[in-house]
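Chemist: The file below is work.cif, mmCIF, C-alpha atoms (C1' of nucleotides):
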```
data_run
loop_
_atom_site.label_atom_id
_atom_site.label_comp_id
_atom_site.auth_asym_id
_atom_site.auth_seq_id
_atom_site.Cartn_x
_atom_site.Cartn_y
_atom_site.Cartn_z
CA MET A 13 139.73 39.00 50.02
CA ARG A 14 136.52 38.32 51.87
CA ARG A 15 134.32 41.35 52.18
CA ASP A 16 131.09 40.80 53.95
CA VAL A 17 129.17 42.68 56.59
CA PHE A 18 130.10 40.28 59.39
CA GLN A 19 133.77 40.75 58.70
CA ALA A 20 133.31 44.50 58.35
CA ILE A 21 131.74 44.96 61.78
CA ALA A 22 134.19 42.59 63.46
CA ASP A 23 136.69 45.41 63.90
CA PRO A 24 135.98 47.75 66.85
CA THR A 25 137.40 50.78 65.04
CA ARG A 26 135.01 50.23 62.16
CA ARG A 27 132.08 49.91 64.55
CA GLU A 28 133.14 53.19 66.13
CA ILE A 29 133.33 54.87 62.76
CA LEU A 30 129.78 53.78 61.99
CA GLY A 31 128.67 55.17 65.33
CA MET A 32 130.30 58.50 64.62
CA ILE A 33 128.68 59.04 61.25
CA ALA A 34 125.28 57.63 62.09
CA HIS A 35 123.72 60.96 62.89
CA LYS A 36 126.00 63.37 61.08
CA SER A 37 128.12 62.74 58.02
CA LEU A 38 131.73 63.75 58.53
CA ASN A 39 134.72 64.18 56.26
CA ILE A 40 137.64 61.83 56.53
CA ASN A 41 139.87 64.15 58.53
CA ALA A 42 137.12 64.79 61.04
CA VAL A 43 136.73 61.08 61.59
CA THR A 44 140.48 60.56 61.83
CA GLU A 45 140.78 63.15 64.60
CA GLN A 46 138.73 60.91 66.89
CA PHE A 47 141.28 58.10 66.73
CA ASP A 48 144.95 57.83 67.44
CA VAL A 49 145.86 56.03 64.26
CA SER A 50 146.88 57.56 60.97
CA ARG A 51 144.51 58.92 58.37
CA ALA A 52 145.62 56.16 56.01
CA ALA A 53 144.53 53.52 58.52
CA ILE A 54 141.12 55.14 58.91
CA TYR A 55 140.86 55.49 55.16
CA LYS A 56 141.40 51.75 54.79
CA HIS A 57 138.69 51.00 57.32
CA MET A 58 136.37 53.27 55.39
CA LYS A 59 137.20 51.54 52.15
CA ILE A 60 136.21 48.22 53.67
CA LEU A 61 132.97 49.68 55.00
CA THR A 62 132.27 51.17 51.58
CA GLU A 63 132.99 47.94 49.75
CA CYS A 64 130.40 46.09 51.74
CA GLY A 65 127.82 48.82 51.48
CA LEU A 66 127.80 50.13 55.03
CA LEU A 67 129.13 53.56 54.12
CA GLU A 68 128.84 55.96 51.22
CA ILE A 69 131.26 58.72 50.33
CA LYS A 70 130.04 61.93 48.78
CA GLN A 71 132.48 64.42 47.33
CA GLN A 72 131.98 68.07 48.12
CA GLY A 73 134.78 70.27 46.90
CA ARG A 74 138.00 68.74 48.07
CA GLU A 75 136.35 67.03 50.98
CA ARG A 76 134.63 63.62 51.05
CA PHE A 77 131.75 63.24 53.45
CA CYS A 78 131.05 59.81 54.85
CA GLU A 79 127.49 58.74 55.34
CA GLY A 80 126.31 55.58 57.06
CA LYS A 81 124.14 53.13 55.11
CA PHE A 82 122.74 50.75 57.64
CA GLU A 83 120.36 48.71 55.49
CA ARG A 84 122.97 46.04 55.05
CA LEU A 85 122.94 45.37 58.77
CA ASN A 86 119.73 43.44 58.20
CA GLU A 87 121.94 40.58 57.09
CA VAL A 88 123.37 40.49 60.60
CA SER A 89 120.00 41.10 62.14
CA ASP A 90 118.48 38.18 60.24
CA TRP A 91 121.29 35.86 61.15
CA VAL A 92 120.98 36.66 64.83
CA ALA A 93 117.19 36.45 64.68
CA GLN A 94 117.24 32.76 63.76
CA TYR A 95 118.82 32.04 67.14
CA ARG A 96 116.66 34.36 69.16
CA GLU A 97 114.41 31.55 70.29
CA PHE A 98 117.43 30.15 72.13
CA TRP A 99 117.59 33.03 74.52
CA GLU A 100 113.88 32.97 75.04
CA ALA A 101 113.50 35.51 77.83
CA ARG A 102 114.67 38.33 75.63
CA PHE A 103 112.55 37.07 72.79
CA ASP A 104 109.43 37.19 74.90
CA SER A 105 110.06 40.76 75.97
CA LEU A 106 110.81 42.01 72.49
CA GLU A 107 107.37 43.46 72.02
CA ILE A 108 107.81 45.56 75.13
CA TYR A 109 111.28 46.57 74.01
CA LEU A 110 109.83 47.62 70.69
CA GLU A 111 107.24 49.82 72.31
CA LYS A 112 109.93 51.45 74.40
CA LEU A 113 111.98 52.17 71.30
CA GLN A 114 109.02 53.69 69.49
CA LYS A 115 108.30 55.88 72.51
CA GLU A 116 111.88 57.10 72.72
CA LYS A 117 111.76 57.94 69.04
CA LYS A 118 108.70 60.11 69.53
CA ASP A 119 110.23 61.83 72.56
CA GLY A 120 113.36 62.56 70.57
CA LYS A 121 111.36 64.26 67.86
CA ARG A 122 109.51 66.37 70.40
CA LYS A 123 112.70 67.75 71.90
CA LYS A 124 113.89 68.99 68.50
CA MET B 5 144.36 38.35 71.00
CA ARG B 6 140.98 39.97 70.71
CA ARG B 7 138.14 37.64 71.63
CA ASP B 8 134.71 39.13 71.34
CA VAL B 9 131.46 37.94 69.87
CA PHE B 10 131.74 40.19 66.80
CA GLN B 11 135.09 38.73 65.92
CA ALA B 12 133.87 35.22 66.63
CA ILE B 13 130.95 35.38 64.22
CA ALA B 14 133.00 37.12 61.53
CA ASP B 15 134.27 33.79 60.27
CA PRO B 16 131.81 31.90 58.01
CA THR B 17 133.02 28.50 59.24
CA ARG B 18 132.28 29.49 62.82
CA ARG B 19 128.81 30.68 61.84
CA GLU B 20 128.23 27.33 60.15
CA ILE B 21 129.36 25.48 63.24
CA LEU B 22 126.87 27.40 65.35
CA GLY B 23 124.15 26.56 62.85
CA MET B 24 124.98 22.88 63.02
CA ILE B 25 124.86 22.59 66.77
CA ALA B 26 121.90 24.87 67.35
CA HIS B 27 119.35 22.10 67.48
CA LYS B 28 121.47 19.11 68.30
CA SER B 29 124.75 18.98 70.18
CA LEU B 30 127.45 17.11 68.29
CA ASN B 31 130.87 15.80 69.14
CA ILE B 32 133.92 17.32 67.55
CA ASN B 33 134.44 14.64 64.94
CA ALA B 34 130.83 14.84 63.84
CA VAL B 35 131.23 18.56 63.26
CA THR B 36 134.53 18.10 61.46
CA GLU B 37 132.98 15.68 58.97
CA GLN B 38 130.81 18.48 57.61
CA PHE B 39 133.83 20.51 56.51
CA ASP B 40 136.80 19.85 54.33
CA VAL B 41 139.39 21.18 56.73
CA SER B 42 141.25 19.27 59.39
CA ARG B 43 139.92 18.43 62.81
CA ALA B 44 142.58 20.65 64.30
CA ALA B 45 141.26 23.62 62.34
CA ILE B 46 137.70 22.97 63.50
CA TYR B 47 138.94 22.50 67.03
CA LYS B 48 140.54 25.93 66.92
CA HIS B 49 137.32 27.51 65.72
CA MET B 50 135.51 25.81 68.56
CA LYS B 51 138.01 27.06 71.05
CA ILE B 52 137.38 30.61 69.91
CA LEU B 53 133.62 30.11 70.13
CA THR B 54 134.04 28.66 73.61
CA GLU B 55 136.27 31.48 74.77
CA CYS B 56 133.67 34.07 73.94
CA GLY B 57 130.82 32.08 75.41
CA LEU B 58 128.98 31.03 72.28
CA LEU B 59 129.62 27.35 72.77
CA GLU B 60 129.96 24.95 75.66
CA ILE B 61 131.72 21.62 75.65
CA LYS B 62 130.46 18.76 77.75
CA GLN B 63 132.54 15.68 78.20
CA GLN B 64 130.85 12.32 77.94
CA GLY B 65 133.23 9.41 78.03
CA ARG B 66 135.97 10.08 75.55
CA GLU B 67 133.74 12.34 73.49
CA ARG B 68 133.08 16.06 73.90
CA PHE B 69 129.69 17.31 72.87
CA CYS B 70 129.37 20.87 71.68
CA GLU B 71 126.34 22.83 72.65
CA GLY B 72 125.41 26.28 71.38
CA LYS B 73 124.98 29.11 73.91
CA PHE B 74 123.33 31.92 72.04
CA GLU B 75 122.68 34.36 74.86
CA ARG B 76 125.84 36.23 74.04
CA LEU B 77 124.44 37.10 70.63
CA ASN B 78 122.37 39.76 72.37
CA GLU B 79 125.50 41.88 72.29
CA VAL B 80 125.31 41.80 68.51
CA SER B 81 121.59 42.18 68.56
CA ASP B 82 121.81 45.27 70.75
CA TRP B 83 124.48 46.84 68.60
CA VAL B 84 122.46 46.36 65.44
CA ALA B 85 119.29 47.54 67.15
CA GLN B 86 120.66 51.02 67.76
CA TYR B 87 120.83 51.51 63.99
CA ARG B 88 117.49 49.94 63.20
CA GLU B 89 115.82 53.32 62.94
CA PHE B 90 118.04 53.99 59.94
CA TRP B 91 116.43 51.31 57.88
CA GLU B 92 113.00 52.39 58.93
CA ALA B 93 110.86 50.15 56.72
CA ARG B 94 112.08 47.04 58.43
CA PHE B 95 111.69 48.68 61.82
CA ASP B 96 108.06 49.50 61.13
CA SER B 97 107.26 45.94 60.12
CA LEU B 98 109.04 44.34 63.04
CA GLU B 99 105.85 43.77 64.96
CA ILE B 100 104.42 41.85 62.06
CA TYR B 101 107.65 39.93 61.72
CA LEU B 102 107.49 39.07 65.40
CA GLU B 103 104.00 37.70 65.08
CA LYS B 104 105.09 35.59 62.15
CA LEU B 105 107.97 34.18 64.17
CA GLN B 106 105.73 33.33 67.10
CA LYS B 107 103.31 31.62 64.75
CA GLU B 108 106.03 29.54 63.13
CA LYS B 109 107.22 28.53 66.55
CA LYS B 110 103.78 27.21 67.46
CA ASP B 111 103.45 25.38 64.14
CA GLY B 112 106.81 23.78 64.69
CA LYS B 113 105.72 22.42 68.05
CA ARG B 114 102.51 21.05 66.54
CA LYS B 115 104.36 19.05 63.92
CA LYS B 116 106.40 17.30 66.56
"C1'" DT C 7 150.39 82.11 41.21
"C1'" DA C 8 152.38 80.07 45.35
"C1'" DT C 9 150.83 77.73 49.34
"C1'" DA C 10 147.94 75.10 52.32
"C1'" DT C 11 144.45 71.52 52.77
"C1'" DT C 12 142.17 67.11 51.83
"C1'" DT C 13 142.43 63.14 49.89
"C1'" DG C 14 143.96 58.46 47.16
"C1'" DC C 15 147.11 55.18 47.10
"C1'" DA C 16 151.55 52.60 46.74
"C1'" DA C 17 155.16 50.22 49.33
"C1'" DC C 18 156.37 48.23 53.25
"C1'" DC C 19 155.98 45.85 57.95
"C1'" DA C 20 154.63 43.15 62.17
"C1'" DA C 21 151.17 40.57 64.16
"C1'" DA C 22 147.08 37.83 63.90
"C1'" DA C 23 144.31 34.40 61.60
"C1'" DG C 24 143.46 30.13 59.62
"C1'" DG C 25 145.37 26.17 58.16
"C1'" DT C 26 148.51 21.79 58.39
"C1'" DT C 27 151.13 17.77 60.31
"C1'" DT C 28 152.56 15.40 64.24
"C1'" DC C 29 152.56 13.57 68.70
"C1'" DA C 30 150.66 12.63 73.42
"C1'" DT C 31 146.91 11.17 76.33
"C1'" DA C 32 142.62 9.24 77.89
"C1'" DA C 33 138.74 6.19 77.20
"C1'" DA C 34 136.53 2.28 74.99
"C1'" DT C 35 137.13 -2.34 72.85
"C1'" DG C 36 138.79 -6.85 71.07
"C1'" DC D 24 146.82 -6.02 77.59
"C1'" DA D 25 147.06 -4.25 72.74
"C1'" DT D 26 144.51 -1.54 69.74
"C1'" DT D 27 141.32 1.79 68.20
"C1'" DT D 28 138.93 6.11 68.86
"C1'" DA D 29 138.37 10.95 70.23
"C1'" DT D 30 140.58 14.62 71.60
"C1'" DG D 31 144.22 18.47 73.19
"C1'" DA D 32 147.83 20.86 71.82
"C1'" DA D 33 152.54 22.10 70.02
"C1'" DA D 34 155.28 23.57 66.02
"C1'" DC D 35 155.21 25.39 61.83
"C1'" DC D 36 153.59 27.82 57.50
"C1'" DT D 37 151.07 31.19 54.42
"C1'" DT D 38 147.80 34.78 53.85
"C1'" DT D 39 145.24 38.50 55.71
"C1'" DT D 40 144.84 42.36 58.66
"C1'" DG D 41 145.79 46.62 60.53
"C1'" DG D 42 149.13 49.79 60.74
"C1'" DT D 43 152.97 53.05 58.97
"C1'" DT D 44 155.46 56.59 55.93
"C1'" DG D 45 155.77 58.99 51.81
"C1'" DC D 46 154.30 61.06 47.65
"C1'" DA D 47 151.11 62.73 43.99
"C1'" DA D 48 146.86 65.04 42.65
"C1'" DA D 49 143.06 68.04 43.20
"C1'" DT D 50 140.88 71.89 45.36
"C1'" DA D 51 140.81 75.96 48.21
"C1'" DT D 52 143.12 80.32 49.68
"C1'" DA D 53 146.45 84.11 50.62
#
```
What's the structure tokens form of this structure?

Modeler:
Amino acid sequence: MRRDVFQAIADPTRREILGMIAHKSLNINAVTEQFDVSRAAIYKHMKILTECGLLEIKQQGRERFCEGKFERLNEVSDWVAQYREFWEARFDSLEIYLEKLQKEKKDGKRKK
Amino acid sequence: MRRDVFQAIADPTRREILGMIAHKSLNINAVTEQFDVSRAAIYKHMKILTECGLLEIKQQGRERFCEGKFERLNEVSDWVAQYREFWEARFDSLEIYLEKLQKEKKDGKRKK
DNA sequence: TATATTTGCAACCAAAAGGTTTCATAAATG
DNA sequence: CATTTATGAAACCTTTTGGTTGCAAATATA
């Protein structure tokens, strides 16, 4: 069975899971509650995410907390980047976009 | 059937196809020659790429030339970008990376 | 200790994905 | 006009995917 990052993020449920645990690690039941599929289905998605390094599971008592590991997304980022020159406009404004992101980051920290 | 960019680029053959036609549009047979699957299989991949806007087919006589349309990759780019802060190191060096890219672009033009 | 909670995983299923062969059609060529 | 070339697409097949139910094991808790 193929198990790479591109395949992992192809499924919308898996992308949602990553979104949910990005800022706060959750146990498997907590994640399951957000969807209307069974725990087993969610568990399988998590296994796939784990197998390709996008998620890490840490046991704590009888619970398992899921934590996002986003480093591996650089594979996707790199792949997309090689085509960035083909949608030039966006490419040219990336520096501005970057500055905006940095600013937002600072503002976020201030609020906390 | 689901037909979004994430699903489209999940298949390695489809990613290869995009790579092949990025710089030079090719007809369907020319693309097929690069793989060891049937023309029909490649045609199906191309149909998927077309349906989600990553590829455009232009008829010219009895041939159809395939041309990459990479704008839609910004959907992927945006999705990944929201997690960039989680692999901080890369984020911090993005400006440098950008400069490098711009430089390479200029060098490329010079060579031609 | 008996019970409830949280999880791992097997067994099973329907639909989707990726592939094939085959045939039809349209355009270019001898 | 007959033939070759390039393609579109149907019919069919196998494997993968995403989902289910059910049960066992481990860890809290009453």

Chemist: Give me the result of the PyMOL selection byres ((chain D) within 12 of (chain B)) on this file, residue by residue, as a list of chain:residue names.

Modeler: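 On the file shown, the PyMOL selection byres ((chain D) within 12 of (chain B)) covers D:DT28, D:DA29, D:DT30, D:DG31, D:DA32, D:DA33.
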
Chemist: For atom C1' of D:DC35 and atom CA of B:Ala14, determine how far apart the two atoms are, in Å to one decimal place.

Modeler: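 Distance reported for this atom pair: 25.1 Å.
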
Chemist: Which is closer to C:DG24 than all the others in B:Thr54, B:Gln64, B:Ser29, B:Ser42, using all atoms listed in the file?

Modeler: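 Of B:Thr54, B:Gln64, B:Ser29, B:Ser42, the one nearest C:DG24 is B:Ser42, counting all atoms listed in the file.
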
Chemist: Applied to this file, what does the PyMOL selection byres ((chain C) within 8 of (chain B)) return in terms of residues, put as a PyMOL selection string?

Modeler: chain C and resi 22+24-26+32-34

Chemist: Starting from the PyMOL selection byres ((chain A) within 9 of (chain B)), expand the selection into actual residues of this file and give them as number ranges by chain.

Modeler: A: 16-24, 31, 34, 80-86, 88-89, 92-93, 95-100, 102, 106-107, 110, 117

Chemist: I'd like the interatomic distance between atom CA of A:Met32 and atom CA of A:Gly65, to a tenth of an Å.

Modeler: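 Computed distance, atom CA of A:Met32 to atom CA of A:Gly65, equals 16.5 Å.
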
Chemist: To one decimal place, how far is atom CA of A:Leu38 from atom CA of A:Phe77 in Å?

Modeler: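 According to the coordinates, atom CA of A:Leu38 and atom CA of A:Phe77 are separated by 5.1 Å.
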
Chemist: For C:DA23, which residue among D:DT52, D:DT27, D:DT40, D:DA34 is the nearest when counting only C-alpha atoms (C1' of nucleotides)?

Modeler: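 Checking each candidate against C:DA23, we get D:DT40 as the closest.
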
Chemist: Just the residues within 10 Å of C:DA10, please, counting all atoms listed in the file, with nothing from its chain fewer than 2 positions along; format it as a list of chain:residue names.

Modeler: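 Close residues of C:DA10: C:DA8, C:DT12, D:DA51, D:DT52, D:DA53.
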
Chemist: Can you tell me, as a PDB file with C-alpha atoms (C1' of nucleotides), in the frame of the given file, what residues are no more than 10 Å from C:DA16 when counting all atoms listed in the file, ignoring any on the same chain fewer than 2 positions away?

Modeler:
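part.pdb was written with the following content:
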```
ATOM      1  C1'  DG C  14     143.960  58.460  47.160  1.00  0.00           C
ATOM      2  C1'  DC C  18     156.370  48.230  53.250  1.00  0.00           C
TER       3       DC C  18
ATOM      4  C1'  DG D  45     155.770  58.990  51.810  1.00  0.00           C
ATOM      5  C1'  DC D  46     154.300  61.060  47.650  1.00  0.00           C
TER       6       DC D  46
END
```
